[in-house]
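Participant: As input, take data02.txt (compact mmCIF, C-alpha atoms):
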# COMPACT_ATOMS: atom_id res chain seq x y z
CA MET A 863 -31.88 4.57 -19.59
CA GLY A 864 -33.04 6.19 -16.38
CA ARG A 865 -31.24 6.96 -13.20
CA GLU A 866 -29.89 3.44 -12.75
CA TRP A 867 -26.76 4.41 -14.71
CA PHE A 868 -25.95 6.73 -11.82
CA PHE A 869 -25.57 3.74 -9.49
CA SER A 870 -22.94 2.25 -11.79
CA LEU A 871 -20.67 5.10 -10.74
CA ILE A 872 -20.23 3.46 -7.34
CA PRO A 873 -18.42 0.28 -8.50
CA LEU A 874 -16.68 2.28 -11.22
CA THR A 875 -15.30 4.74 -8.65
CA ILE A 876 -14.22 1.89 -6.35
CA GLY A 877 -12.60 0.12 -9.29
CA VAL A 878 -10.69 3.12 -10.61
CA PHE A 879 -9.51 4.10 -7.11
CA SER A 880 -8.35 0.52 -6.38
CA LEU A 881 -6.64 0.31 -9.75
CA ILE A 882 -4.73 3.55 -9.16
CA CYS A 883 -3.69 2.52 -5.63
CA GLY A 884 -2.63 -0.94 -6.80
CA ILE A 885 -0.56 0.36 -9.70
CA TYR A 886 1.11 2.87 -7.38
CA GLY A 887 1.97 0.05 -4.96
CA LEU A 888 3.33 -2.18 -7.72
CA ARG A 889 5.52 0.66 -9.03
CA TYR A 890 6.69 1.32 -5.45
CA ALA A 891 7.68 -2.34 -5.04
CA ARG A 892 9.39 -2.44 -8.44
CA LEU A 893 11.42 0.67 -7.61
CA LEU A 894 12.60 -0.90 -4.35
CA ARG A 895 13.37 -4.20 -6.05
CA HIS A 896 15.57 -2.54 -8.71
CA HIS A 897 17.10 0.43 -6.89
CA GLY A 898 16.67 -0.39 -3.20
CA VAL A 899 19.43 -0.82 -0.66
CA ASN A 900 19.30 -3.28 2.24
CA ALA A 901 19.93 -2.19 5.81
CA GLU A 902 19.44 -3.50 9.32
CA ALA A 903 16.87 -1.53 11.28
CA ARG A 904 15.35 -1.55 14.74
CA ILE A 905 11.68 -1.14 15.59
CA VAL A 906 11.45 1.80 18.01
CA ARG A 907 7.66 2.10 18.38
CA HIS A 908 4.38 1.46 16.62
CA HIS A 909 2.24 4.16 15.07
CA VAL A 910 -1.31 3.23 16.06
CA SER A 911 -4.28 4.12 13.86
CA ARG A 912 -7.97 3.32 14.04
CA ASP A 913 -10.46 2.98 11.23
CA ASP A 914 -14.06 4.19 11.25
CA GLU A 915 -15.30 0.96 12.80
CA GLY A 916 -12.86 1.09 15.71
CA ALA A 917 -10.34 -1.50 14.49
CA THR A 918 -6.78 -0.80 15.61
CA PHE A 919 -3.82 -1.06 13.23
CA TYR A 920 -0.14 -1.05 14.20
CA HIS A 921 2.44 0.42 11.82
CA PRO A 922 6.01 -0.33 12.99
CA VAL A 923 8.41 2.61 13.00
CA ALA A 924 11.87 1.50 11.88
CA VAL A 925 15.16 3.31 12.51
CA TRP A 926 18.28 2.67 10.46
CA THR A 927 21.39 4.42 9.20
CA ASP A 928 21.44 4.99 5.45
CA ARG A 929 24.55 4.50 3.34
CA ASP A 930 25.36 8.24 3.68
CA GLY A 931 25.49 7.86 7.46
CA ARG A 932 22.23 9.71 8.19
CA ALA A 933 19.73 8.31 10.65
CA GLN A 934 16.37 7.44 9.12
CA GLU A 935 13.12 6.90 11.04
CA HIS A 936 9.97 6.03 9.13
CA SER A 937 6.64 4.29 9.68
CA SER A 938 5.59 1.35 7.52
CA ARG A 939 2.77 2.04 5.06
CA PHE A 940 1.11 -1.25 6.04
CA GLY A 941 -0.62 -1.74 9.35
CA ARG A 942 -1.78 -4.96 10.99
CA GLY A 943 -4.21 -5.72 13.75
CA SER A 944 -1.56 -7.36 15.92
CA VAL A 945 2.20 -7.30 16.30
CA GLY A 946 4.17 -10.56 16.37
CA SER A 947 7.25 -11.04 18.47
CA ALA A 948 9.49 -10.56 15.42
CA PHE A 949 8.21 -6.96 15.11
CA ARG A 950 7.95 -5.91 18.75
CA VAL A 951 9.61 -2.72 19.97
CA GLY A 952 13.36 -3.28 20.10
CA ALA A 953 13.41 -6.05 17.48
CA TYR A 954 15.97 -5.91 14.70
CA VAL A 955 14.57 -6.27 11.18
CA ALA A 956 15.81 -6.05 7.60
CA VAL A 957 14.59 -3.10 5.53
CA ARG A 958 14.98 -2.25 1.86
CA TYR A 959 14.87 1.47 1.10
CA ASP A 960 15.23 3.87 -1.81
CA PRO A 961 18.53 5.76 -1.32
CA GLU A 962 17.10 8.84 -3.06
CA LYS A 963 13.99 8.94 -0.87
CA PRO A 964 14.49 6.80 2.27
CA ALA A 965 10.84 7.22 3.31
CA ARG A 966 10.14 4.68 0.54
CA PHE A 967 10.99 1.46 2.29
CA GLU A 968 9.66 -1.94 3.19
CA ILE A 969 10.21 -4.12 6.22
CA SER A 970 11.04 -7.69 5.24
CA GLY A 971 8.35 -10.04 6.50
CA TRP A 972 5.94 -7.25 7.45
CA ASP A 973 5.00 -5.54 4.20
CA MET A 974 2.47 -7.51 2.19
CA LYS A 975 3.87 -7.80 -1.31
CA LYS A 976 0.81 -9.53 -2.75
CA MET A 977 -1.62 -6.90 -1.43
CA ASP A 978 -0.73 -4.43 -4.20
CA LEU A 979 -1.32 -7.10 -6.84
CA TYR A 980 -4.63 -8.08 -5.22
CA VAL A 981 -5.82 -4.44 -5.14
CA THR A 982 -4.78 -3.94 -8.78
CA VAL A 983 -6.65 -7.05 -9.96
CA LEU A 984 -9.72 -6.14 -7.90
CA GLY A 985 -9.70 -2.62 -9.35
CA ALA A 986 -9.32 -3.93 -12.89
CA VAL A 987 -12.22 -6.37 -12.43
CA PHE A 988 -14.53 -3.70 -10.98
CA THR A 989 -13.60 -1.17 -13.65
CA ALA A 990 -13.83 -3.55 -16.62
CA GLY A 991 -17.00 -5.16 -15.30
CA THR A 992 -18.79 -1.86 -14.74
CA VAL A 993 -17.72 -0.42 -18.10
CA THR A 994 -18.86 -3.63 -19.84
CA VAL A 995 -22.27 -3.58 -18.16
CA VAL A 996 -22.79 0.11 -18.97
CA LEU A 997 -21.76 -0.39 -22.62
CA ILE A 998 -24.05 -3.39 -23.04
CA ARG A 999 -26.89 -1.45 -21.44
CA LEU A 1000 -26.29 1.51 -23.77
CA LEU A 1001 -26.12 -0.69 -26.86
CA THR A 1002 -29.31 -2.61 -26.05
CA LEU A 1003 -31.53 0.41 -25.46
Let me see whether you can do it: turn the structure in this file into structure tokens.
Facilitator:
Amino acid sequence: MGREWFFSLIPLTIGVFSLICGIYGLRYARLLRHHGVNAEARIVRHHVSRDDEGATFYHPVAVWTDRDGRAQEHSSRFGRGSVGSAFRVGAYVAVRYDPEKPARFEISGWDMKKMDLYVTVLGAVFTAGTVTVVLIRLLTL
């Protein structure tokens, strides 16, 4: 086997990275589902980010009062290319947050619950596929 095995590191790296990110996201969602607390929040602004190709993403920043009476202000981990009227500045939204670490939260209707599952499956397919191809290649030499 020559240098072609080196190129298999590309999909393997993508797969492992996606798998790790997806599992982290699924654990994050599970934690919120089991231990999260609901609150009413208000969108105060949008954190704007750009990717390498110039696409703009808007991450709503929500403000709410936690059950201990402290004000919380955090940006959503998901960004979208446009903001609907339900998530404009000044809109009231429902959030679910971790009382032990309020920065772990999700905005109902904004956060994409299936994205973590999609990334996990994609990572598993890339990882398993690449490992299978490399093993078959090694065994047939």
Participant: As a list in words, please: the residues near range 980-990 of chain A (cut-off 12 Å, all atoms listed in the file, same-chain neighbours under 6 positions excluded).
Facilitator: Ser870, Leu871, Ile872, Pro873, Leu874, Thr875, Ile876, Gly877, Val878, Phe879, Ser880, Leu881, Ile882, Cys883, Gly884, Ile885, Tyr886, Gly887, Leu888, Arg889, Met974, Val996 and Leu997 of chain A
Participant: What lies within 12 Å of Val910 in chain A using all atoms listed in the file, ignoring chain neighbours under 6 positions off, as a list in words?
Facilitator: Gly916, Ala917, Thr918, Phe919, Tyr920, His921, Pro922, Val923, Ser937, Ser938, Arg939, Phe940, Gly941, Arg942, Gly943, Ser944 and Val945 of chain A
Participant: What is the distance between CA of Arg950 in chain A and CA of Gly931 in chain A, in Å to one decimal?
Facilitator: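 Between CA of Arg950 in chain A and CA of Gly931 in chain A the gap works out to 25.0 Å.
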Participant: CA of Gln934 in chain A and CA of Ala965 in chain A are how many Å apart?
Facilitator: 8.0 Å
Participant: Give, as AutoDock Vina command-line options, the centre coordinates and the x, y and z edge lengths in Å to one decimal for an axis-aligned box around all listed atoms of range 911-925 of chain A, padded by 6 Å on each side.
Facilitator:
--center_x -0.1 --center_y 1.3 --center_z 13.5 --size_x 42.5 --size_y 17.7 --size_z 16.5
Participant: Between A:Thr992, A:Arg999, A:Arg929, A:Asp914, which one has atoms that come closest to Glu962 in chain A, using all atoms listed in the file?
Facilitator: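 Ranked by minimum distance to Glu962 in chain A, first place goes to A:Arg929.
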Participant: I'd like the interatomic distance between CA of Arg907 in chain A and CA of Pro961 in chain A, to a tenth of an Å.
Facilitator: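 Those two atoms sit 22.8 Å apart.
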Participant: Give me the residues near Ile905 in chain A as a list in words, where near means some atom within 10 Å (using all atoms listed in the file) and where sequence neighbours in that chain fewer than 3 positions away do not count.
Facilitator: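 Final neighbour list, sorted by chain and number: His908, Pro922, Val923, Ala924, Val925, Trp926, Glu935, His936, Ser937, Ala948, Phe949, Arg950, Val951, Gly952, Ala953, Tyr954, Val955 and Ile969 of chain A.
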Participant: Keeping only C-alpha atoms, write those residues as a short mmCIF file (atom, residue, chain, number, x, y, z; two decimals), in the coordinates of the input.
Facilitator:
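Final output, saved to out25.cif:
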data_model
loop_
_atom_site.label_atom_id
_atom_site.label_comp_id
_atom_site.auth_asym_id
_atom_site.auth_seq_id
_atom_site.Cartn_x
_atom_site.Cartn_y
_atom_site.Cartn_z
CA HIS A 908 4.38 1.46 16.62
CA PRO A 922 6.01 -0.33 12.99
CA VAL A 923 8.41 2.61 13.00
CA ALA A 924 11.87 1.50 11.88
CA VAL A 925 15.16 3.31 12.51
CA TRP A 926 18.28 2.67 10.46
CA GLU A 935 13.12 6.90 11.04
CA HIS A 936 9.97 6.03 9.13
CA SER A 937 6.64 4.29 9.68
CA ALA A 948 9.49 -10.56 15.42
CA PHE A 949 8.21 -6.96 15.11
CA ARG A 950 7.95 -5.91 18.75
CA VAL A 951 9.61 -2.72 19.97
CA GLY A 952 13.36 -3.28 20.10
CA ALA A 953 13.41 -6.05 17.48
CA TYR A 954 15.97 -5.91 14.70
CA VAL A 955 14.57 -6.27 11.18
CA ILE A 969 10.21 -4.12 6.22
#
Participant: With a distance cut-off of 9 Å and all atoms listed in the file, select the neighbouring residues of Ser970 in chain A, excluding the residue or stretch itself and same-chain residues fewer than 3 positions from it, and output the selection as a PDB file with C-alpha atoms, in the frame of the given file.
Facilitator:
ATOM      1  CA  VAL A 955      14.570  -6.270  11.180  1.00  0.00           C
ATOM      2  CA  ALA A 956      15.810  -6.050   7.600  1.00  0.00           C
ATOM      3  CA  VAL A 957      14.590  -3.100   5.530  1.00  0.00           C
ATOM      4  CA  ARG A 958      14.980  -2.250   1.860  1.00  0.00           C
ATOM      5  CA  ASP A 973       5.000  -5.540   4.200  1.00  0.00           C
TER       6      ASP A 973
END
Participant: Using only C-alpha atoms, can you tell me which of A:Phe869, A:Glu915, A:Thr994, A:Leu893 comes closest to Lys963 in chain A?
Facilitator: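 Comparing A:Phe869, A:Glu915, A:Thr994, A:Leu893 against Lys963 in chain A, the winner is A:Leu893.
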Participant: Please complete range 953-964 of chain A with all heavy atoms and give it back as a short mmCIF file (atom, residue, chain, number, x, y, z; two decimals), in the coordinates of the input.
Facilitator:
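The resulting file, selection.cif, is shown below:
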data_model
loop_
_atom_site.label_atom_id
_atom_site.label_comp_id
_atom_site.auth_asym_id
_atom_site.auth_seq_id
_atom_site.Cartn_x
_atom_site.Cartn_y
_atom_site.Cartn_z
N ALA A 953 13.00 -4.96 18.38
CA ALA A 953 13.41 -6.05 17.48
C ALA A 953 14.22 -5.50 16.32
O ALA A 953 13.98 -4.38 15.84
CB ALA A 953 12.17 -6.77 16.95
N TYR A 954 15.18 -6.27 15.87
CA TYR A 954 15.97 -5.91 14.70
C TYR A 954 15.35 -6.58 13.47
O TYR A 954 15.01 -7.76 13.50
CB TYR A 954 17.43 -6.35 14.87
CG TYR A 954 18.17 -5.47 15.84
CD1 TYR A 954 18.22 -5.78 17.19
CD2 TYR A 954 18.78 -4.29 15.41
CE1 TYR A 954 18.88 -4.96 18.09
CE2 TYR A 954 19.44 -3.46 16.31
CZ TYR A 954 19.48 -3.81 17.64
OH TYR A 954 20.12 -2.99 18.52
N VAL A 955 15.20 -5.79 12.42
CA VAL A 955 14.57 -6.27 11.18
C VAL A 955 15.40 -5.81 9.99
O VAL A 955 16.22 -4.90 10.09
CB VAL A 955 13.13 -5.73 11.03
CG1 VAL A 955 12.22 -6.28 12.12
CG2 VAL A 955 13.10 -4.21 11.04
N ALA A 956 15.16 -6.46 8.85
CA ALA A 956 15.81 -6.05 7.60
C ALA A 956 14.85 -5.13 6.85
O ALA A 956 13.66 -5.40 6.76
CB ALA A 956 16.13 -7.27 6.76
N VAL A 957 15.39 -4.02 6.34
CA VAL A 957 14.59 -3.10 5.53
C VAL A 957 15.27 -2.95 4.17
O VAL A 957 16.48 -3.16 4.02
CB VAL A 957 14.41 -1.71 6.18
CG1 VAL A 957 13.63 -1.81 7.46
CG2 VAL A 957 15.73 -1.02 6.40
N ARG A 958 14.48 -2.60 3.19
CA ARG A 958 14.98 -2.25 1.86
C ARG A 958 14.42 -0.88 1.57
O ARG A 958 13.21 -0.67 1.62
CB ARG A 958 14.53 -3.27 0.84
CG ARG A 958 15.15 -3.07 -0.52
CD ARG A 958 15.01 -4.33 -1.36
NE ARG A 958 15.65 -4.19 -2.63
CZ ARG A 958 16.93 -4.45 -2.88
NH1 ARG A 958 17.70 -4.88 -1.90
NH2 ARG A 958 17.42 -4.30 -4.08
N TYR A 959 15.31 0.08 1.27
CA TYR A 959 14.87 1.47 1.10
C TYR A 959 15.43 2.05 -0.18
O TYR A 959 16.41 1.57 -0.75
CB TYR A 959 15.26 2.32 2.30
CG TYR A 959 16.75 2.56 2.44
CD1 TYR A 959 17.33 3.71 1.92
CD2 TYR A 959 17.57 1.65 3.08
CE1 TYR A 959 18.69 3.94 2.02
CE2 TYR A 959 18.93 1.87 3.19
CZ TYR A 959 19.48 3.01 2.66
OH TYR A 959 20.83 3.23 2.77
N ASP A 960 14.79 3.12 -0.64
CA ASP A 960 15.23 3.87 -1.81
C ASP A 960 16.26 4.90 -1.33
O ASP A 960 15.93 5.77 -0.53
CB ASP A 960 14.03 4.58 -2.45
CG ASP A 960 14.39 5.40 -3.67
OD1 ASP A 960 15.57 5.44 -4.06
OD2 ASP A 960 13.46 6.01 -4.25
N PRO A 961 17.51 4.82 -1.80
CA PRO A 961 18.53 5.76 -1.32
C PRO A 961 18.23 7.22 -1.66
O PRO A 961 18.69 8.12 -0.97
CB PRO A 961 19.82 5.30 -2.00
CG PRO A 961 19.45 4.27 -2.98
CD PRO A 961 18.05 3.85 -2.73
N GLU A 962 17.43 7.46 -2.70
CA GLU A 962 17.10 8.84 -3.06
C GLU A 962 15.96 9.40 -2.22
O GLU A 962 15.86 10.60 -2.03
CB GLU A 962 16.74 8.90 -4.55
CG GLU A 962 17.88 8.38 -5.40
CD GLU A 962 17.98 9.07 -6.72
OE1 GLU A 962 17.16 9.95 -7.01
OE2 GLU A 962 18.91 8.71 -7.44
N LYS A 963 15.11 8.53 -1.73
CA LYS A 963 13.99 8.94 -0.87
C LYS A 963 13.78 7.84 0.17
O LYS A 963 12.96 6.94 -0.02
CB LYS A 963 12.73 9.15 -1.70
CG LYS A 963 11.61 9.77 -0.90
CD LYS A 963 10.43 10.11 -1.78
CE LYS A 963 9.36 10.73 -0.91
NZ LYS A 963 8.14 10.99 -1.69
N PRO A 964 14.52 7.88 1.28
CA PRO A 964 14.49 6.80 2.27
C PRO A 964 13.12 6.53 2.90
O PRO A 964 12.90 5.47 3.46
CB PRO A 964 15.50 7.25 3.33
CG PRO A 964 16.41 8.18 2.62
CD PRO A 964 15.55 8.87 1.60
#
